Amino acid sequence: MKVKFSYLDRQFVELDAYLADVRNLVVSGNFTLGKAVTEFEQRFASLCQMPYAIGVGSGTDALILTLKILGIGAGDEVITAANTFIATVGAIAMTGARPVLVDNDDGYTMNPDLIEAAITPRTKAILPVHYTGNVANMPAIMEVAEKHGLKVIEDACQAISAAYNSQPVGSWGETACFSLHPLKNLNVWGDGGVIVTRSAELNRKLRLFRNHGLANRDEVEFFGHNSRLDSLQAVIGNRLIGQTEFITNQRIANARRLDKELADLKEFISIPARPEYVKHVYHLYIVRVKRRNELLACLKKNEIDARVHYPIPTHLQRAAANLRYKQGDFPMAENDSRVSITLPAHQHLTDAEINYMVEKIHEFYLH
Amino acid sequence: MPQISPRAPLHQACIYNMDAIIPIPYVNVARQHAAIKDELLSALSEVLDGGHFILGEQVEKFEQSFSDLCGVRYAVGVNSGTDALILGLKAIGVGPGDEVITVPNSFVSSTACIRLLGAKTVFVDVGDDYNMDPKNISGAISPRTKAILPVHLTGRPCDMEPIMNIAKRHSVHVVEDCAQAVLAEYQGKRVGSFGTIGCFSLHPLKTLNACGDGGVLTTDDPLLWERLKIMRNLGLKTRDDCVLWSYNSRLDTIQAAILLVKLRYVERWTARRRENADRYRGALAKISQVRLPPAEKKYEKAVYHTFVIQAENRDNLREYLASQGIGSGVHYPVPIHLSTAGRELGYHEGSFPMAENQAKKVVSLPVYPELTEMQISKVCSCIQDFYNKH
């Protein structure tokens, strides 16, 4: 049996409805912004319970545009998590600011106790990452940010519909940045991203910034990027956004099932704490295991597409050489890169596939 | 027959009957797609069946075909023409403290890309052909000049021989803004093959167009090719090896599949644009209030992304055309140095007389391949009518 990590071949089995929408768009010839994007932005904003959403080219662009519009650039520092996808750190670096990393806690998100030590007079913002679909400890992070007068930007690329104390991600920071990449919980047919904010002023500026700074067709208010969510992708997004609740619930159910089925292997598998006040949406179902690489090889051999997010921590990437971190600076993130494994938990998994996966993992450790 | 109010945006396409002469919207992508809809949708289906939406086979195929089309060794697909310029300049090392020489009469992104990298824009004025006037370049070069960024505006190639000579003499790069000029030729070579890097847009209204934003860079340098492929993909050399911090700017796989369909037609479409331009030249030559684009030199081949005339009483002419159901455009009414954004550059009214004067008079007429001969005659007779009355 094959257990795939990507579910895209199952998601689009019923293609006709999508293609009918695409056909209508193709014959209209309006491929830049317009009705489909506006509709998607409105639905996305209400999904996040926020007043404004702005569709952009990617989750990475969502971060870059936010940082720049907040005036962050050369000479500034932005604090983020060491254990994130490299795009978070890359986005900070693209503004000219210096990324300052802090280690994560057991739940794979920024450890709030480590933030204050990383603050300097140049620190402008804290950029927590709701990594894996878990939610960073936002009450604690907001407290530090307020105490030091720092802005907060949420990297919610992996965490659509996640919540902490019933408060949805995206509602704490100046903005929150979401990705619609094909493997995200809510996805489109290529790169795409969304920024949400409660600030009318940021909403106005970001709309200009993603569209060449054009106040109207002929007036350029300031020099901007071209980073628009494609209308074609918005059409797909409008079809899928209604399924967000199903997707989220299914992923949570699959994760709970895996938690339960793997509980008897606690000698080998350490499942992060699952506090009941956090709604974790399991973009990644990630656990710490013994003999990780052997397990990974065994699962691959059995055609189970487990993955590692990520084998090289950000601060030890070649790109990070200029940040001058070294081995040992972030012990949790470094250890996680050696012991973590991500199992398929997507919404299209069948019971049989989950059973098969659980069985193979038991065989690996118990035989 | 739908009416266009004279107050409606003049560039706006409108719903119309395919066989009618009027209205003639300024752009009409729908008409292009009506003819190839099935091919487009089947290309899309192939991507969907593959379940792979980021880079991959279609993007590589497109890059190969596009580099062949331009007569260069390599092409790299990115998210937009603007991103192509940003990545292209960054790849040759443009950053804070550097200067880049370009023109003020372009779309804003050819200047924005310089500003977004923290470098300084130095403008030079243009010639009659709306392109960078090479004789202005030497005076603009300073020890900080890193690159010259000529824009092949309207789809007409810049005078590349003197530009390349000046660049060579001063050891600066040339990065070509080819956003409007796929297939344009100069001395038998296609644009995008002269400079260190060529930057193209594949925006829906360009002559080779995706169904959304897209862009592509061309180069003959294998090291730049490798670097650009890493730079458009977050600095990733492999899935796990991040070698530099960078953007996420990939040409969508579905857009590459769509573009592969359109590549089958683009030379035909371009030939039609050139025929349309010839028809306009013939029919408008006798109207004294209209100034046609300068005739193509024998070593130039323009592709007429826009067909730009200079017209007396321009704004009233456009309103009249709109009242007759004919769309038109102005590319561009405000030179970049006079825009709100451009104030920071420190230029003023009078800094670039050619560009400023042209901005007051230029009007772009519909020139897309799907226009019929009768439609072009109609546009021309309406222009004649307007000047008869005024």
# chains A, B, ... in the order shown; residues from 1 in each chain; ligands from 1

call {"tool": "residues_around", "arguments": {"residues": "Ser6 (chain A)", "least_positions_apart": "3", "cutoff": "12 Å", "atoms": "only C-alpha atoms", "output": "list of chain:residue names"}}
result
A:Lys2, A:Val3, A:Asp9, A:Arg10, A:Gln11, A:Phe12, A:Pro182, A:Leu183, A:Lys184, A:Asn185, A:Asn187, A:His283, A:Leu284, A:Ile304, A:Asp305, A:Ala306, A:Arg307, A:Leu343, A:Pro344, A:Ala345, A:His346, A:Gln347, A:His348, A:Leu349, B:Gly50, B:Gly51, B:His52, B:Phe53

call {"tool": "interface_residues", "arguments": {"of": "chain B", "to": "chain A", "cutoff": "6 Å", "atoms": "only C-alpha atoms", "output": "count of residues only"}}
result
16

call {"tool": "residues_around", "arguments": {"residues": "region 274-282 of chain B", "least_positions_apart": "5", "cutoff": "8 Å", "atoms": "only C-alpha atoms", "output": "list in words"}}
result
Leu292, Ala302, Val303, Tyr304, Phe307, Val367, Tyr368, Pro369, Leu371, Glu373, Ile376 and Cys380 of chain B

call {"tool": "atom_distance", "arguments": {"atom1": "CA of Leu365 (chain B)", "atom2": "CA of Pro23 (chain B)"}}
result
13.3 Å

call {"tool": "select_by_dssp", "arguments": {"residues": "region 107-303 of chain B", "states": "helix (DSSP H, G or I)", "output": "PyMOL selection string"}}
result
chain B and resi 109-116+134-136+138-140+153-155+160-169+222-231+253-263+266-284

call {"tool": "residues_around", "arguments": {"residues": "Arg291 (chain A)", "least_positions_apart": "2", "cutoff": "10 Å", "atoms": "only C-alpha atoms", "output": "ChimeraX atom specification"}}
result
/A:268-269,288-289,293-296,338-340,365

call {"tool": "residues_around", "arguments": {"residues": "region 124-138 of chain A", "least_positions_apart": "3", "cutoff": "8 Å", "atoms": "only C-alpha atoms", "output": "PyMOL selection string"}}
result
chain A and resi 72+76-81+84+107-112+141-142+145+150-160+162-164+169+172+278-286

call {"tool": "write_last_selection", "arguments": {"atoms": "N, CA and C atoms", "output": "short mmCIF file (atom, residue, chain, number, x, y, z; two decimals), in the first residue's frame"}}
result
data_model
loop_
_atom_site.label_atom_id
_atom_site.label_comp_id
_atom_site.auth_asym_id
_atom_site.auth_seq_id
_atom_site.Cartn_x
_atom_site.Cartn_y
_atom_site.Cartn_z
N ILE A 72 10.51 48.29 8.16
CA ILE A 72 11.65 47.51 8.64
C ILE A 72 12.65 47.32 7.50
N ASP A 76 17.91 47.29 11.12
CA ASP A 76 16.92 46.78 12.08
C ASP A 76 17.15 45.29 12.35
N GLU A 77 16.57 44.84 13.44
CA GLU A 77 16.59 43.41 13.75
C GLU A 77 15.16 42.90 13.95
N VAL A 78 14.92 41.69 13.52
CA VAL A 78 13.62 41.05 13.72
C VAL A 78 13.85 39.68 14.35
N ILE A 79 13.14 39.43 15.43
CA ILE A 79 13.31 38.17 16.16
C ILE A 79 12.34 37.13 15.63
N THR A 80 12.86 35.97 15.27
CA THR A 80 11.97 34.89 14.82
C THR A 80 12.47 33.56 15.35
N ALA A 81 11.77 32.51 14.98
CA ALA A 81 12.09 31.18 15.51
C ALA A 81 13.21 30.53 14.70
N THR A 84 12.19 27.06 11.65
CA THR A 84 11.12 27.38 10.71
C THR A 84 11.60 27.05 9.32
N GLY A 107 6.58 22.23 21.80
CA GLY A 107 5.50 22.27 20.80
C GLY A 107 5.94 22.76 19.43
N TYR A 108 7.24 22.89 19.22
CA TYR A 108 7.81 23.32 17.93
C TYR A 108 7.52 24.79 17.62
N THR A 109 7.20 25.58 18.62
CA THR A 109 7.06 27.02 18.37
C THR A 109 8.01 27.78 19.29
N MET A 110 8.20 29.05 18.95
CA MET A 110 9.13 29.94 19.65
C MET A 110 8.95 29.87 21.17
N ASN A 111 10.05 29.69 21.89
CA ASN A 111 9.99 29.68 23.35
C ASN A 111 9.97 31.12 23.86
N PRO A 112 8.83 31.55 24.42
CA PRO A 112 8.71 32.98 24.78
C PRO A 112 9.71 33.41 25.86
N ILE A 141 4.01 36.12 24.15
CA ILE A 141 4.78 36.90 23.16
C ILE A 141 4.27 38.34 23.10
N MET A 142 2.96 38.51 23.14
CA MET A 142 2.39 39.87 23.10
C MET A 142 2.83 40.67 24.33
N ALA A 145 6.31 41.81 23.73
CA ALA A 145 6.31 42.84 22.68
C ALA A 145 5.81 44.17 23.23
N LEU A 150 7.55 46.57 20.76
CA LEU A 150 7.88 45.93 19.49
C LEU A 150 6.61 45.56 18.73
N LYS A 151 6.72 45.56 17.41
CA LYS A 151 5.62 45.10 16.60
C LYS A 151 5.64 43.57 16.53
N VAL A 152 4.46 42.99 16.33
CA VAL A 152 4.37 41.53 16.18
C VAL A 152 3.77 41.22 14.82
N ILE A 153 4.42 40.33 14.09
CA ILE A 153 3.90 39.87 12.80
C ILE A 153 3.80 38.35 12.90
N GLU A 154 2.63 37.82 12.63
CA GLU A 154 2.46 36.37 12.75
C GLU A 154 2.76 35.68 11.42
N ASP A 155 3.66 34.71 11.45
CA ASP A 155 3.84 33.83 10.30
C ASP A 155 2.87 32.68 10.48
N ALA A 156 1.72 32.81 9.82
CA ALA A 156 0.66 31.81 9.97
C ALA A 156 0.56 30.95 8.70
N CYS A 157 1.68 30.86 7.98
CA CYS A 157 1.66 30.16 6.69
C CYS A 157 1.16 28.72 6.82
N GLN A 158 1.41 28.10 7.98
CA GLN A 158 1.03 26.69 8.13
C GLN A 158 -0.20 26.53 9.02
N ALA A 159 -0.87 27.64 9.36
CA ALA A 159 -1.79 27.53 10.49
C ALA A 159 -3.17 28.12 10.26
N ILE A 160 -3.67 28.07 9.04
CA ILE A 160 -5.00 28.62 8.83
C ILE A 160 -6.01 27.91 9.74
N ALA A 162 -6.14 27.85 12.90
CA ALA A 162 -5.65 27.49 14.23
C ALA A 162 -6.05 28.60 15.21
N ALA A 163 -6.08 28.25 16.52
CA ALA A 163 -6.50 29.23 17.52
C ALA A 163 -5.84 28.93 18.86
N TYR A 164 -5.77 29.97 19.70
CA TYR A 164 -5.19 29.85 21.04
C TYR A 164 -6.18 30.51 21.98
N VAL A 169 -5.57 32.50 14.97
CA VAL A 169 -4.30 33.06 14.53
C VAL A 169 -4.61 34.18 13.55
N TRP A 172 -3.60 38.58 16.46
CA TRP A 172 -2.74 39.22 17.45
C TRP A 172 -1.86 40.32 16.83
N VAL A 278 -5.26 25.02 22.90
CA VAL A 278 -4.71 25.30 21.57
C VAL A 278 -5.43 24.48 20.52
N LYS A 279 -5.88 25.14 19.48
CA LYS A 279 -6.41 24.42 18.32
C LYS A 279 -5.29 24.31 17.29
N HIS A 280 -4.66 23.14 17.29
CA HIS A 280 -3.54 22.83 16.40
C HIS A 280 -4.17 22.25 15.13
N VAL A 281 -3.77 22.76 13.96
CA VAL A 281 -4.46 22.32 12.74
C VAL A 281 -3.64 21.32 11.90
N TYR A 282 -2.49 20.94 12.44
CA TYR A 282 -1.72 19.82 11.85
C TYR A 282 -1.45 19.97 10.36
N HIS A 283 -0.91 21.12 9.99
CA HIS A 283 -0.33 21.17 8.64
C HIS A 283 0.73 20.08 8.55
N LEU A 284 1.51 19.94 9.64
CA LEU A 284 2.47 18.83 9.72
C LEU A 284 2.17 18.04 10.99
N TYR A 285 2.07 16.72 10.85
CA TYR A 285 1.99 15.87 12.04
C TYR A 285 3.40 15.43 12.34
N ILE A 286 3.99 16.07 13.36
CA ILE A 286 5.42 15.90 13.58
C ILE A 286 5.67 15.40 15.00
#

call {"tool": "select_by_dssp", "arguments": {"residues": "region 151-293 of chain B", "states": "strand (DSSP E)", "output": "JSON, numbers by chain"}}
result
{"B": [173, 174, 175, 176, 177, 185, 186, 189, 190, 197, 198, 199, 200, 201, 215, 216, 217, 218, 219, 290, 291]}

call {"tool": "write_last_selection", "arguments": {"atoms": "N, CA and C atoms", "output": "mmCIF file, in the first residue's frame"}}
result
data_model
loop_
_atom_site.group_PDB
_atom_site.id
_atom_site.type_symbol
_atom_site.label_atom_id
_atom_site.label_comp_id
_atom_site.auth_asym_id
_atom_site.auth_seq_id
_atom_site.Cartn_x
_atom_site.Cartn_y
_atom_site.Cartn_z
ATOM 1 N N HIS B 173 27.236 46.473 -16.688
ATOM 2 C CA HIS B 173 26.328 45.481 -17.266
ATOM 3 C C HIS B 173 25.204 46.165 -18.037
ATOM 4 N N VAL B 174 24.640 45.419 -18.981
ATOM 5 C CA VAL B 174 23.372 45.825 -19.572
ATOM 6 C C VAL B 174 22.330 44.784 -19.172
ATOM 7 N N VAL B 175 21.243 45.253 -18.567
ATOM 8 C CA VAL B 175 20.104 44.378 -18.283
ATOM 9 C C VAL B 175 18.952 44.917 -19.121
ATOM 10 N N GLU B 176 18.457 44.114 -20.043
ATOM 11 C CA GLU B 176 17.413 44.579 -20.956
ATOM 12 C C GLU B 176 16.030 44.404 -20.335
ATOM 13 N N ASP B 177 15.231 45.456 -20.345
ATOM 14 C CA ASP B 177 13.826 45.318 -19.988
ATOM 15 C C ASP B 177 13.053 45.010 -21.276
ATOM 16 N N GLU B 185 13.490 42.313 -32.829
ATOM 17 C CA GLU B 185 14.839 42.020 -33.333
ATOM 18 C C GLU B 185 15.611 43.293 -33.651
ATOM 19 N N TYR B 186 16.921 43.176 -33.481
ATOM 20 C CA TYR B 186 17.829 44.269 -33.806
ATOM 21 C C TYR B 186 19.037 43.628 -34.474
ATOM 22 N N LYS B 189 19.195 39.895 -34.390
ATOM 23 C CA LYS B 189 19.218 39.195 -33.090
ATOM 24 C C LYS B 189 18.010 39.614 -32.271
ATOM 25 N N ARG B 190 17.484 38.674 -31.524
ATOM 26 C CA ARG B 190 16.290 39.000 -30.735
ATOM 27 C C ARG B 190 16.643 39.674 -29.411
ATOM 28 N N ILE B 197 21.689 40.049 -19.024
ATOM 29 C CA ILE B 197 20.416 39.400 -18.704
ATOM 30 C C ILE B 197 19.293 40.136 -19.440
ATOM 31 N N GLY B 198 18.288 39.400 -19.891
ATOM 32 C CA GLY B 198 17.075 39.995 -20.434
ATOM 33 C C GLY B 198 15.906 39.661 -19.512
ATOM 34 N N CYS B 199 15.003 40.629 -19.309
ATOM 35 C CA CYS B 199 13.881 40.429 -18.387
ATOM 36 C C CYS B 199 12.569 40.620 -19.133
ATOM 37 N N PHE B 200 11.735 39.612 -19.115
ATOM 38 C CA PHE B 200 10.470 39.639 -19.846
ATOM 39 C C PHE B 200 9.294 39.532 -18.896
ATOM 40 N N SER B 201 8.199 40.138 -19.289
ATOM 41 C CA SER B 201 6.937 39.967 -18.579
ATOM 42 C C SER B 201 6.032 39.045 -19.391
ATOM 43 N N GLY B 215 6.782 35.944 -15.458
ATOM 44 C CA GLY B 215 7.929 36.615 -16.059
ATOM 45 C C GLY B 215 9.011 35.596 -16.375
ATOM 46 N N VAL B 216 10.011 36.029 -17.134
ATOM 47 C CA VAL B 216 11.092 35.098 -17.469
ATOM 48 C C VAL B 216 12.360 35.906 -17.733
ATOM 49 N N LEU B 217 13.497 35.342 -17.316
ATOM 50 C CA LEU B 217 14.792 35.969 -17.585
ATOM 51 C C LEU B 217 15.553 35.141 -18.598
ATOM 52 N N THR B 218 16.385 35.829 -19.414
ATOM 53 C CA THR B 218 17.244 35.114 -20.352
ATOM 54 C C THR B 218 18.698 35.467 -20.071
ATOM 55 N N THR B 219 19.580 34.522 -20.308
ATOM 56 C CA THR B 219 21.017 34.777 -20.181
ATOM 57 C C THR B 219 21.801 33.702 -20.927
ATOM 58 N N VAL B 290 -1.642 63.877 -36.677
ATOM 59 C CA VAL B 290 -1.160 62.618 -36.093
ATOM 60 C C VAL B 290 0.298 62.405 -36.471
ATOM 61 N N ARG B 291 1.093 62.061 -35.458
ATOM 62 C CA ARG B 291 2.484 61.741 -35.732
ATOM 63 C C ARG B 291 2.685 60.240 -35.517
#

call {"tool": "residues_around", "arguments": {"residues": "Ile141 (chain B)", "least_positions_apart": "2", "cutoff": "12 Å", "atoms": "only C-alpha atoms", "output": "short mmCIF file (atom, residue, chain, number, x, y, z; two decimals) with N, CA and C atoms, in the first residue's frame"}}
result
data_model
loop_
_atom_site.label_atom_id
_atom_site.label_comp_id
_atom_site.auth_asym_id
_atom_site.auth_seq_id
_atom_site.Cartn_x
_atom_site.Cartn_y
_atom_site.Cartn_z
N ASP B 98 24.75 51.63 -5.37
CA ASP B 98 24.94 51.51 -6.82
C ASP B 98 23.96 52.43 -7.56
N GLU B 99 24.30 52.68 -8.81
CA GLU B 99 23.40 53.43 -9.68
C GLU B 99 23.06 52.59 -10.91
N VAL B 100 21.84 52.75 -11.37
CA VAL B 100 21.40 52.07 -12.59
C VAL B 100 20.77 53.12 -13.51
N ILE B 101 21.20 53.11 -14.76
CA ILE B 101 20.72 54.11 -15.73
C ILE B 101 19.53 53.54 -16.50
N THR B 102 18.42 54.27 -16.49
CA THR B 102 17.26 53.81 -17.25
C THR B 102 16.46 55.03 -17.73
N THR B 121 18.28 55.33 -9.02
CA THR B 121 17.90 55.41 -10.42
C THR B 121 18.47 56.68 -11.04
N VAL B 122 19.13 56.53 -12.18
CA VAL B 122 19.60 57.69 -12.94
C VAL B 122 18.89 57.64 -14.29
N PHE B 123 18.07 58.66 -14.56
CA PHE B 123 17.32 58.66 -15.81
C PHE B 123 18.10 59.34 -16.93
N VAL B 124 17.89 58.86 -18.15
CA VAL B 124 18.32 59.60 -19.34
C VAL B 124 17.11 59.74 -20.26
N PRO B 134 20.93 56.72 -26.97
CA PRO B 134 22.29 56.33 -26.55
C PRO B 134 23.22 57.53 -26.33
N LYS B 135 22.94 58.63 -27.02
CA LYS B 135 23.89 59.74 -26.88
C LYS B 135 23.78 60.41 -25.50
N ASN B 136 22.73 60.09 -24.76
CA ASN B 136 22.60 60.66 -23.41
C ASN B 136 23.27 59.82 -22.32
N ILE B 137 23.71 58.63 -22.70
CA ILE B 137 24.12 57.69 -21.65
C ILE B 137 25.47 58.07 -21.01
N SER B 138 26.45 58.36 -21.86
CA SER B 138 27.80 58.59 -21.32
C SER B 138 27.81 59.64 -20.23
N GLY B 139 27.04 60.71 -20.43
CA GLY B 139 26.99 61.78 -19.43
C GLY B 139 26.37 61.36 -18.12
N PRO B 143 31.17 56.70 -11.31
CA PRO B 143 31.91 55.53 -10.78
C PRO B 143 30.98 54.52 -10.10
N ARG B 144 29.78 54.98 -9.70
CA ARG B 144 28.86 54.06 -9.01
C ARG B 144 27.93 53.31 -9.97
N THR B 145 27.97 53.64 -11.25
CA THR B 145 27.07 52.98 -12.19
C THR B 145 27.37 51.49 -12.26
N LYS B 146 26.35 50.70 -12.06
CA LYS B 146 26.53 49.25 -12.09
C LYS B 146 25.94 48.67 -13.37
N ALA B 147 24.89 49.31 -13.86
CA ALA B 147 24.21 48.73 -15.02
C ALA B 147 23.45 49.78 -15.80
N ILE B 148 23.25 49.49 -17.08
CA ILE B 148 22.33 50.26 -17.92
C ILE B 148 21.12 49.37 -18.16
N ILE B 166 28.94 51.48 -25.23
CA ILE B 166 29.15 52.34 -24.05
C ILE B 166 29.33 51.47 -22.80
N ALA B 167 28.48 50.46 -22.69
CA ALA B 167 28.55 49.58 -21.51
C ALA B 167 29.92 48.91 -21.44
N ARG B 169 32.72 49.96 -22.80
CA ARG B 169 33.76 50.95 -22.52
C ARG B 169 33.85 51.25 -21.02
N HIS B 170 32.69 51.27 -20.35
CA HIS B 170 32.69 51.63 -18.93
C HIS B 170 32.59 50.40 -18.03
N SER B 171 32.68 49.22 -18.62
CA SER B 171 32.59 47.98 -17.84
C SER B 171 31.37 47.94 -16.93
N VAL B 172 30.23 48.28 -17.49
CA VAL B 172 28.99 48.10 -16.73
C VAL B 172 28.11 47.08 -17.45
N HIS B 173 27.24 46.47 -16.69
CA HIS B 173 26.33 45.48 -17.27
C HIS B 173 25.20 46.17 -18.04
#

call {"tool": "atom_distance", "arguments": {"atom1": "CA of Pro104 (chain B)", "atom2": "CA of Ile336 (chain B)"}}
result
5.1 Å

call {"tool": "atom_distance", "arguments": {"atom1": "CA of Asn248 (chain B)", "atom2": "CA of Gly237 (chain A)"}}
result
19.6 Å

call {"tool": "residues_around", "arguments": {"residues": "Ile22 (chain B)", "least_positions_apart": "4", "cutoff": "8 Å", "atoms": "only C-alpha atoms", "output": "MDAnalysis selection string"}}
result
chainID B and resid 16 324:326 375
